[in-house]
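Peer 1: Structure file protein.txt, compact mmCIF, C-alpha atoms, is pasted below:
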```txt
# COMPACT_ATOMS: atom_id res chain seq x y z
CA MET A 1 0.00 0.00 0.00
CA THR A 2 1.39 3.38 -0.97
CA THR A 3 1.24 6.27 1.42
CA GLU A 4 -0.32 9.50 0.26
CA ASN A 5 1.02 12.83 1.38
CA PHE A 6 -1.94 15.17 1.97
CA LYS A 7 -1.57 18.60 3.57
CA ILE A 8 -3.87 21.52 4.26
CA LEU A 9 -2.18 24.87 4.78
CA PHE A 10 -3.61 28.34 5.16
CA VAL A 11 -1.45 31.02 3.55
CA GLN A 12 -1.76 34.77 3.45
CA ALA A 13 -1.18 36.49 0.11
CA LYS A 14 0.73 39.50 1.37
CA ASN A 15 1.37 40.70 -2.16
CA ARG A 16 -2.38 41.35 -2.63
CA THR A 17 -2.84 43.94 0.11
CA ASN A 18 -5.84 46.24 -0.34
CA LYS A 19 -6.32 49.87 0.76
CA LYS A 20 -7.38 48.76 4.24
CA ASN A 21 -4.00 47.01 4.63
CA GLN A 22 -5.70 43.59 4.52
CA SER A 23 -4.70 40.62 2.43
CA PRO A 24 -6.66 37.46 1.62
CA LEU A 25 -6.21 34.06 3.26
CA TYR A 26 -6.07 31.05 0.98
CA CYS A 27 -6.37 27.37 1.71
CA ARG A 28 -3.61 25.45 -0.05
CA LEU A 29 -4.23 21.75 -0.66
CA THR A 30 -1.26 19.52 -1.46
CA LEU A 31 -1.60 15.89 -2.49
CA ASN A 32 1.57 14.01 -3.44
CA GLY A 33 3.31 17.22 -4.49
CA ASN A 34 0.42 18.57 -6.58
CA ARG A 35 -1.00 21.84 -5.31
CA LYS A 36 -4.38 23.52 -5.60
CA GLN A 37 -5.42 26.72 -3.87
CA LEU A 38 -8.88 27.93 -2.91
CA SER A 39 -10.09 31.15 -1.39
CA THR A 40 -11.43 31.28 2.16
CA GLY A 41 -13.14 34.65 1.74
CA ILE A 42 -11.27 36.08 4.73
CA HIS A 43 -9.20 39.26 4.51
CA ILE A 44 -6.94 40.01 7.46
CA GLU A 45 -4.10 42.33 8.40
CA ALA A 46 -0.68 40.67 8.40
CA ASP A 47 -0.12 41.60 12.07
CA TYR A 48 -3.03 39.41 13.21
CA TRP A 49 -2.10 36.24 11.29
CA ASP A 50 0.03 33.64 13.08
CA ASN A 51 1.60 31.60 10.32
CA LYS A 52 3.13 28.97 12.58
CA SER A 53 -0.06 27.97 14.40
CA GLN A 54 -2.34 28.73 11.41
CA VAL A 55 -4.80 30.89 13.40
CA ILE A 56 -5.85 34.50 13.65
CA LEU A 57 -4.63 36.07 16.86
CA LYS A 58 -7.18 36.67 19.62
CA SER A 59 -6.42 40.39 19.64
CA HIS A 60 -8.38 40.75 16.38
CA LYS A 61 -12.02 41.72 16.84
CA SER A 62 -13.37 38.86 14.66
CA ALA A 63 -10.81 36.22 15.60
CA ILE A 64 -13.33 33.72 17.00
CA LEU A 65 -15.54 33.92 13.90
CA TYR A 66 -12.68 33.69 11.42
CA ASN A 67 -10.94 30.85 13.26
CA SER A 68 -14.17 28.86 13.34
CA GLN A 69 -14.54 29.41 9.58
CA LEU A 70 -10.99 28.14 9.04
CA ASP A 71 -11.72 25.08 11.20
CA THR A 72 -14.89 24.41 9.21
CA ILE A 73 -13.02 24.59 5.90
CA LYS A 74 -10.28 22.31 7.20
CA SER A 75 -12.71 19.70 8.53
CA LYS A 76 -14.77 19.74 5.32
CA VAL A 77 -11.69 19.23 3.15
CA ASN A 78 -10.45 16.45 5.45
CA SER A 79 -13.79 14.66 5.24
CA ILE A 80 -13.83 14.96 1.43
CA TYR A 81 -10.32 13.49 1.33
CA MET A 82 -11.31 10.57 3.55
CA ILE A 83 -14.45 9.85 1.51
CA LEU A 84 -12.46 9.81 -1.74
CA ARG A 85 -9.78 7.65 -0.16
CA LEU A 86 -12.31 5.08 1.05
CA ARG A 87 -13.72 4.69 -2.46
CA GLU A 88 -10.36 3.21 -3.48
CA ASN A 89 -10.52 4.89 -6.89
CA PRO A 90 -7.58 7.05 -7.94
CA PHE A 91 -8.20 10.76 -7.36
CA SER A 92 -6.27 13.99 -7.57
CA VAL A 93 -6.11 17.26 -5.69
CA GLU A 94 -8.37 18.75 -8.40
CA ASP A 95 -11.05 16.22 -7.41
CA ILE A 96 -10.86 17.36 -3.78
CA HIS A 97 -11.04 21.00 -4.89
CA ASP A 98 -14.03 20.39 -7.18
CA LYS A 99 -15.87 18.40 -4.51
CA HIS A 100 -15.31 21.24 -2.01
CA LEU A 101 -16.80 23.71 -4.49
CA GLY A 102 -19.79 21.41 -5.06
CA LYS A 103 -18.90 20.31 -8.58
CA GLU A 104 -19.35 16.74 -9.68
CA ILE A 105 -16.21 14.67 -10.11
CA LYS A 106 -15.83 13.53 -13.71
CA LYS A 107 -15.44 9.82 -14.11
CA SER A 108 -12.62 8.75 -16.36
CA GLU A 109 -14.01 6.85 -19.33
CA PHE A 110 -12.13 4.39 -21.42
CA VAL A 111 -12.56 3.19 -24.99
CA LEU A 112 -14.24 -0.04 -23.92
CA SER A 113 -16.96 1.72 -21.94
```
Kindly transcribe the structure held in the file into structure tokens.

Peer 2:
Amino acid sequence: MTTENFKILFVQAKNRTNKKNQSPLYCRLTLNGNRKQLSTGIHIEADYWDNKSQVILKSHKSAILYNSQLDTIKSKVNSIYMILRLRENPFSVEDIHDKHLGKEIKKSEFVLS
């Protein structure tokens, strides 16, 4: 049995800072070296983001709300990964991304089908 390397990481795009000095948070999915990124819809100042622990600091006024949204995204993506893994069909990080967005996963068809 081969081991799959699956990681979920929240990254802040500091190069996309808006006029309010906020930059967006993205959820980066990595499966066996292949990466896909999706938006969380959260914009935060760089001073309030703790990159090491992957949370918004409690000194921010909406920290509890934003951290719960990040936990929800992480748990949803983890459950999608586990469901796809239990099906024992090959899948990619694009399949996890599409399933998170609510799109149907395309089945691979062969000539004989």

Peer 1: A:Asn67, A:Asn5, A:Ser79, A:Thr72: which is nearest Asp50 (chain A), counting all atoms listed in the file?

Peer 2: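 Looking at the shortest contact to Asp50 (chain A), the residue is A:Asn67.
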
Peer 1: Would you list the contacts of Tyr66 (chain A) as a ChimeraX atom specification, taking every protein, DNA or RNA residue within 9 Å and counting all atoms listed in the file, but skipping same-chain residues closer than 3 positions in sequence?

Peer 2: /A:42,55-56,62-63,69-71

Peer 1: One decimal, in Å: what's the spacing between CA of Met82 (chain A) and CA of Lys103 (chain A)?

Peer 2: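 If I compute the distance from CA of Met82 (chain A) to CA of Lys103 (chain A), I get 17.3 Å.
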
Peer 1: Excluding region 11-28 of chain A and any residue of its chain fewer than 2 positions from it, enumerate the residues within 12 Å of it, using all atoms listed in the file, and give them as a PyMOL selection string.

Peer 2: chain A and resi 6-9+30-31+33-56+66-67+69-74+76-77+93-94+96-97+100

Peer 1: How far is it from CA of Glu104 (chain A) to CA of Ser92 (chain A), in Å with one decimal?

Peer 2: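 Those two atoms sit 13.5 Å apart.
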
Peer 1: Just give me the gap between CA of Asp98 (chain A) and CA of Leu84 (chain A) in Å, one decimal is fine.

Peer 2: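 Separation of CA of Asp98 (chain A) and CA of Leu84 (chain A): 12.0 Å.
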